[in-house]
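For reference, the structure discussed in these notes is given below.
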Amino acid sequence: MDTGDSSEESPIENKKSKSKSKTPRKPKASALKQKSPAEFFAENKNIAGFDNPGKSLYTTVRELVENALDSAESIAELPFVEVTIEEINKSKFNSMIGLIDRERIDEALYGDFETDKAREKRLAKEARFQEIQAKNVALGKKVKEPAAAKAIKGRGEASFYRVTCKDNGRGMPHDDIPNMFGRVLSGTKYGLKQTRGKFGLGAKMALIWSKMSTGLPIEIFSSMKGQNYTSFCRLDIDIHRNIPHVHVHEKRENKEQWHGAEIQVVIEGNWTTYRSKILHYMRQMAVITPYAQFMFRSVSDTADKTVSIRFARRTDVMPAVPLETKYHPSAVDLLLIKRLIGETTKQNLLQFLQHEFVNIGKSHAERLIGEMGPDFSPKTLVKSLTPQQIVRIHQLFRQAKFDDPTGDCLSPAGEYNLRLGIIKELHPDMVATYTASAQVFEGHPFIVEAGVSLGGKDVKQGLNIFRFANRIPLLFEQGADVVTRTAMKRINWNIYKINQTQDKIGVFVSIVSTKIPFKGTGKEYIGDDISEIASAVKVRTLQYSFLVFNKCKSFS
């Protein structure tokens, strides 16, 4: 049979020959790169609570308010915090950055453009809806609410806000201001201490978000007690180098002898969607800090958007300032031991164990050294310890018995303040509070305090759960939180003659510790997997509060 030209390749053979003729691509060599801390958090801003414009506005307010409270409490000054959110329209924003307003030339280029056909379809749909509504009214039927308009493609018009927070706190040293605001992971809260903040982010993340969304710098006014001048600094941050870029840094006359700080930052935000969250946060902060006074304003060109709320001070009794403490031996790892060795001023091992850790007295330290082996002695120079010897110390710390740390370094709100805060903001018919004694998890002391209320102003039917960690309100991720799960699933409400669905019940739980075991990156909830905390929330606080509450209810 004639098969044709013998030189013609079959399709399969042709494919093989083509694939063989291609030279395989060589992967490009990856260049080693480094990121600064500022660059890392700019690219992963959700870690710090800057997920979107609305959440970023909320987080900015939260960070500035908590810094303001810390500053006033550190000098035992009754806090007075003023917060203003000023809406900035497009024209004003463009003027601030030196941009001339332009009219649209090509409307079809924009995400909110509506074609003639789409407009006709929308108007016809609205007309049909109106016709149906009219028929329902005539027949006496229930009239439906119009459906919300579908979101326009694209992000649409950005909204900008100037957030200002002013306090009467300690203020900041003039020379330190650039690094305190323009260098990520620099701060004064890195010791072992109960603090509202921990990572040296706070206002720095607000500045990073400002740089990303508006390009505008942050402005800081600050003065310390007794200073005859006010520091003024306008700066932004060099993201790639993690250093401040200072525009103005000068001293100005302080005629009023004011002390404290005033921070102004312009950011992209969304007040409409996060209005309730921000106001809810301010109200909860007023509950847990009844010794503070807050003035909150939201300013807008539109009158119905303007808000002004005063959260009055109810008491002048402040919690004690939390004390910095030393590490418990059971709470340290190898890296921490090495760091403590590098920083200690003590010469020998005996002194090091006694002075760098809690609950290790002289006799206990001597016993520990004897257990470490023949290579150790009380006079062993700490700086001469080998890596193997440090591992041996760490192993012994994990195996040996130590007394639990006390809660003396902690500063809970206290039953008196918690009760006053609940009464001041919710006006309940009844309230009961209780503070448990200190307990320990992973070598860190913690205290849980709780309150239960019935009835009140603006309180919904059912459970209204208020969660606090180191005197900070927690508003997100409520369903997974240990407090919510305990109140919803582990409390038998019938025992206390409380109707869980019909009564207006307020449940308040505050946890303070040198280490709050947050879950997730947003630090918004405490997990349900730490048995010591779960037990303390249920047995030592909530149940006791319910018992007291039930007695009050029986007598009423």
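Here, A, B, ... name the chains of the structure tokens in the order displayed, residue numbers run from 1 inside each chain, and ligands are numbered from 1 in the same displayed order.
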
Strand (DSSP E) residues, from DSSP on the backbone, in range 47-294 of chain A, as a CSV table (one decimal) with N, CA and C atoms, in the first residue's frame:
chain,number,residue,atom,x,y,z
A,80,PHE,N,-8.2,62.9,80.9
A,80,PHE,CA,-9.2,63.7,80.1
A,80,PHE,C,-8.8,63.6,78.7
A,81,VAL,N,-9.6,62.9,77.9
A,81,VAL,CA,-9.2,62.6,76.5
A,81,VAL,C,-10.2,63.2,75.5
A,82,GLU,N,-9.8,63.9,74.6
A,82,GLU,CA,-10.6,64.5,73.6
A,82,GLU,C,-10.3,63.9,72.2
A,83,VAL,N,-11.4,63.3,71.6
A,83,VAL,CA,-11.2,62.7,70.3
A,83,VAL,C,-12.1,63.4,69.3
A,84,THR,N,-11.5,63.7,68.1
A,84,THR,CA,-12.3,64.4,67.1
A,84,THR,C,-12.0,63.7,65.7
A,85,ILE,N,-13.1,63.3,65.1
A,85,ILE,CA,-13.0,62.7,63.7
A,85,ILE,C,-13.6,63.8,62.8
A,86,GLU,N,-12.8,64.4,61.9
A,86,GLU,CA,-13.3,65.4,61.0
A,86,GLU,C,-13.3,64.9,59.6
A,87,GLU,N,-14.5,64.9,59.0
A,87,GLU,CA,-14.6,64.5,57.6
A,87,GLU,C,-14.0,65.5,56.7
A,88,ILE,N,-13.2,65.1,55.7
A,88,ILE,CA,-12.5,66.0,54.8
A,88,ILE,C,-13.0,65.7,53.4
A,160,PHE,N,-12.0,60.8,53.4
A,160,PHE,CA,-10.8,61.1,54.2
A,160,PHE,C,-11.2,61.8,55.5
A,161,TYR,N,-10.4,61.5,56.6
A,161,TYR,CA,-10.8,62.0,57.9
A,161,TYR,C,-9.5,62.5,58.6
A,162,ARG,N,-9.6,63.6,59.3
A,162,ARG,CA,-8.6,64.0,60.2
A,162,ARG,C,-8.9,63.5,61.6
A,163,VAL,N,-8.1,62.6,62.2
A,163,VAL,CA,-8.4,62.1,63.5
A,163,VAL,C,-7.4,62.9,64.5
A,164,THR,N,-8.0,63.5,65.5
A,164,THR,CA,-7.2,64.2,66.5
A,164,THR,C,-7.5,63.6,67.9
A,165,CYS,N,-6.5,63.4,68.6
A,165,CYS,CA,-6.6,62.9,70.0
A,165,CYS,C,-5.7,63.7,70.9
A,166,LYS,N,-6.3,64.3,71.9
A,166,LYS,CA,-5.6,65.2,72.9
A,166,LYS,C,-5.8,64.7,74.3
A,218,ILE,N,2.1,63.0,59.9
A,218,ILE,CA,1.4,63.1,61.1
A,218,ILE,C,1.9,64.4,61.9
A,219,GLU,N,1.1,65.0,62.7
A,219,GLU,CA,1.5,66.2,63.5
A,219,GLU,C,1.3,65.9,65.0
A,220,ILE,N,2.4,66.2,65.7
A,220,ILE,CA,2.4,65.9,67.2
A,220,ILE,C,2.7,67.2,67.9
A,221,PHE,N,1.9,67.5,68.9
A,221,PHE,CA,2.1,68.6,69.9
A,221,PHE,C,2.3,67.9,71.2
A,222,SER,N,3.4,68.2,72.0
A,222,SER,CA,3.6,67.6,73.2
A,222,SER,C,4.3,68.5,74.2
A,223,SER,N,4.0,68.4,75.5
A,223,SER,CA,4.7,69.1,76.5
A,223,SER,C,4.7,68.3,77.8
A,229,TYR,N,7.9,75.1,77.2
A,229,TYR,CA,7.7,75.1,75.8
A,229,TYR,C,6.9,73.8,75.4
A,230,THR,N,6.3,73.9,74.2
A,230,THR,CA,5.6,72.8,73.6
A,230,THR,C,6.4,72.3,72.4
A,231,SER,N,6.6,71.0,72.3
A,231,SER,CA,7.3,70.5,71.1
A,231,SER,C,6.2,70.3,70.0
A,232,PHE,N,6.7,70.7,68.8
A,232,PHE,CA,5.8,70.5,67.6
A,232,PHE,C,6.7,69.7,66.6
A,233,CYS,N,6.1,68.6,66.1
A,233,CYS,CA,6.8,67.8,65.1
A,233,CYS,C,5.8,67.4,64.0
A,234,ARG,N,6.3,67.6,62.8
A,234,ARG,CA,5.5,67.1,61.6
A,234,ARG,C,6.5,66.1,60.9
A,235,LEU,N,6.0,64.8,60.8
A,235,LEU,CA,6.9,63.8,60.2
A,235,LEU,C,6.1,62.8,59.5
A,236,ASP,N,6.8,62.0,58.6
A,236,ASP,CA,6.3,60.8,58.1
A,236,ASP,C,7.4,59.7,58.3
A,237,ILE,N,7.2,58.6,57.7
A,237,ILE,CA,8.2,57.5,57.9
A,237,ILE,C,8.7,57.0,56.6
A,238,ASP,N,10.0,56.7,56.6
A,238,ASP,CA,10.7,56.1,55.5
A,238,ASP,C,10.4,54.6,55.6
A,243,ILE,N,12.9,54.5,59.3
A,243,ILE,CA,13.4,55.7,60.1
A,243,ILE,C,12.5,56.9,59.9
A,244,PRO,N,12.4,57.8,60.8
A,244,PRO,CA,11.5,59.0,60.7
A,244,PRO,C,12.0,59.9,59.6
A,245,HIS,N,11.1,60.5,58.9
A,245,HIS,CA,11.4,61.6,57.9
A,245,HIS,C,10.8,62.9,58.5
A,246,VAL,N,11.6,63.7,59.1
A,246,VAL,CA,11.1,64.8,59.9
A,246,VAL,C,11.0,66.1,59.0
A,247,HIS,N,9.8,66.6,58.9
A,247,HIS,CA,9.6,67.9,58.1
A,247,HIS,C,9.8,69.1,59.0
A,248,VAL,N,9.2,69.1,60.2
A,248,VAL,CA,9.4,70.2,61.2
A,248,VAL,C,9.6,69.6,62.6
A,249,HIS,N,10.5,70.1,63.3
A,249,HIS,CA,10.7,69.7,64.7
A,249,HIS,C,11.2,70.9,65.5
A,250,GLU,N,10.3,71.5,66.2
A,250,GLU,CA,10.7,72.8,66.9
A,250,GLU,C,10.0,72.9,68.2
A,251,LYS,N,10.5,73.9,69.0
A,251,LYS,CA,9.9,74.2,70.3
A,251,LYS,C,9.2,75.5,70.2
A,252,ARG,N,7.9,75.5,70.8
A,252,ARG,CA,7.1,76.7,70.8
A,252,ARG,C,6.7,77.1,72.2
A,253,GLU,N,6.3,78.3,72.4
A,253,GLU,CA,6.0,78.8,73.7
A,253,GLU,C,4.8,78.1,74.3
A,260,GLY,N,0.8,67.2,78.2
A,260,GLY,CA,0.1,66.1,77.5
A,260,GLY,C,0.6,66.0,76.1
A,261,ALA,N,-0.3,65.4,75.2
A,261,ALA,CA,0.1,65.2,73.8
A,261,ALA,C,-1.2,65.4,73.0
A,262,GLU,N,-1.0,65.9,71.8
A,262,GLU,CA,-2.1,66.0,70.8
A,262,GLU,C,-1.6,65.5,69.5
A,263,ILE,N,-2.3,64.5,69.0
A,263,ILE,CA,-1.9,63.8,67.7
A,263,ILE,C,-2.9,64.1,66.7
A,264,GLN,N,-2.5,64.5,65.5
A,264,GLN,CA,-3.4,64.7,64.3
A,264,GLN,C,-2.8,63.8,63.2
A,265,VAL,N,-3.7,63.1,62.6
A,265,VAL,CA,-3.4,62.3,61.4
A,265,VAL,C,-4.5,62.2,60.4
A,266,VAL,N,-4.2,62.4,59.1
A,266,VAL,CA,-5.3,62.3,58.1
A,266,VAL,C,-5.2,61.0,57.4
A,267,ILE,N,-6.3,60.3,57.4
A,267,ILE,CA,-6.3,58.9,56.8
A,267,ILE,C,-7.5,58.7,55.9
A,268,GLU,N,-7.5,57.7,55.1
A,268,GLU,CA,-8.7,57.2,54.4
A,268,GLU,C,-9.5,56.4,55.4
A,293,GLN,N,-12.5,60.9,81.7
A,293,GLN,CA,-13.5,61.7,81.0
A,293,GLN,C,-13.2,61.8,79.5
A,294,PHE,N,-14.2,61.5,78.7
A,294,PHE,CA,-13.9,61.4,77.3
A,294,PHE,C,-14.9,62.4,76.6

- Task: Any chance you could list, as a list in words, the residues in range 191-234 of chain A that come up helix (DSSP H, G or I) when DSSP is run on the backbone?
- Result: Ala203, Lys204, Met205, Ala206, Leu207, Ile208, Trp209, Ser210, Lys211, Met212 and Ser213 of chain A

Dump as a compact mmCIF listing (two decimals), in the first residue's frame, selection limited to N, CA and C atoms:
# COMPACT_ATOMS: atom_id res chain seq x y z
N ALA A 203 0.38 54.22 67.17
CA ALA A 203 0.29 55.40 66.31
C ALA A 203 1.18 55.27 65.08
N LYS A 204 2.20 54.44 65.15
CA LYS A 204 3.09 54.26 63.99
C LYS A 204 2.33 53.60 62.83
N MET A 205 1.42 52.66 63.16
CA MET A 205 0.63 52.03 62.11
C MET A 205 -0.36 53.03 61.51
N ALA A 206 -0.87 53.94 62.35
CA ALA A 206 -1.75 54.99 61.82
C ALA A 206 -0.97 55.86 60.84
N LEU A 207 0.29 56.15 61.16
CA LEU A 207 1.14 56.93 60.28
C LEU A 207 1.43 56.17 58.98
N ILE A 208 1.69 54.87 59.10
CA ILE A 208 1.93 54.06 57.90
C ILE A 208 0.69 54.04 57.01
N TRP A 209 -0.50 53.88 57.62
CA TRP A 209 -1.74 53.88 56.86
C TRP A 209 -1.98 55.25 56.22
N SER A 210 -1.65 56.31 56.95
CA SER A 210 -1.77 57.65 56.40
C SER A 210 -0.87 57.81 55.17
N LYS A 211 0.35 57.31 55.29
CA LYS A 211 1.30 57.40 54.18
C LYS A 211 0.81 56.60 52.97
N MET A 212 0.17 55.46 53.24
CA MET A 212 -0.31 54.61 52.16
C MET A 212 -1.57 55.16 51.50
N SER A 213 -2.44 55.81 52.28
CA SER A 213 -3.76 56.20 51.75
C SER A 213 -3.87 57.68 51.40

- Selection near range 275-290 of chain A, 6 Å with only C-alpha atoms, sequence-local residues under 2 positions removed, as a PyMOL selection string: chain A and resi 58+271-273+292+313-314+418+421-422

Hey, can you spit out that residue selection with C-alpha atoms as an mmCIF file, in the first residue's frame?
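This went into out_28.cif:
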data_model
loop_
_atom_site.group_PDB
_atom_site.id
_atom_site.type_symbol
_atom_site.label_atom_id
_atom_site.label_comp_id
_atom_site.auth_asym_id
_atom_site.auth_seq_id
_atom_site.Cartn_x
_atom_site.Cartn_y
_atom_site.Cartn_z
ATOM 1 C CA TYR A 58 -11.595 52.388 64.163
ATOM 2 C CA TRP A 271 -17.242 56.492 59.207
ATOM 3 C CA THR A 272 -20.601 55.283 57.869
ATOM 4 C CA THR A 273 -19.916 51.556 58.285
ATOM 5 C CA ALA A 292 -11.601 59.037 82.879
ATOM 6 C CA ARG A 313 -16.063 60.934 84.930
ATOM 7 C CA ARG A 314 -17.832 59.202 87.820
ATOM 8 C CA LEU A 418 -16.304 48.168 87.377
ATOM 9 C CA GLY A 421 -18.708 52.093 85.119
ATOM 10 C CA ILE A 422 -21.645 49.728 84.518
#

- Please indicate the distance in Å from CA of Asp404 in chain A to CA of His444 in chain A, rounded to one decimal place. 8.4 Å

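The shortest atom-to-atom distance to Arg297 in chain A, with only C-alpha atoms taken into account, belongs to A:Val61 out of A:Ile533, A:Val61, A:Val512, A:Ala487.
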
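Closest to Asp70 in chain A among A:Arg196, A:Arg471, A:Arg398, A:Lys326 is A:Arg196, based on only C-alpha atoms.
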
- Nearby residues (only C-alpha atoms) at most 12 Å from Ala480 in chain A, same-chain spacing under 3 positions excluded, as a list in words: Leu475, Phe476, Glu477, Val483, Thr484, Arg485, Thr486, Ala487, Met488, Lys489, Phe518, Lys519, Gly520, Glu524, Tyr525, Ile526, Gly527, Asp528 and Asp529 of chain A

Could you give me, as a compact mmCIF listing (two decimals) with C-alpha atoms, in the first residue's frame, the residues within 10 Å of Lys457 in chain A, counting only C-alpha atoms and dropping anything in the same chain fewer than 4 positions from it?
# COMPACT_ATOMS: atom_id res chain seq x y z
CA ILE A 423 -24.05 51.96 86.45
CA GLU A 425 -23.12 53.92 81.18
CA LEU A 426 -25.95 51.34 81.29
CA HIS A 427 -28.17 52.50 84.22
CA PRO A 428 -29.21 48.92 85.06
CA ASP A 429 -31.90 47.91 87.56
CA LYS A 504 -31.88 42.31 79.44

- Note on the structure: In Å and to one decimal, CA of Pro173 in chain A is distant from CA of Asn470 in chain A by 26.0 Å
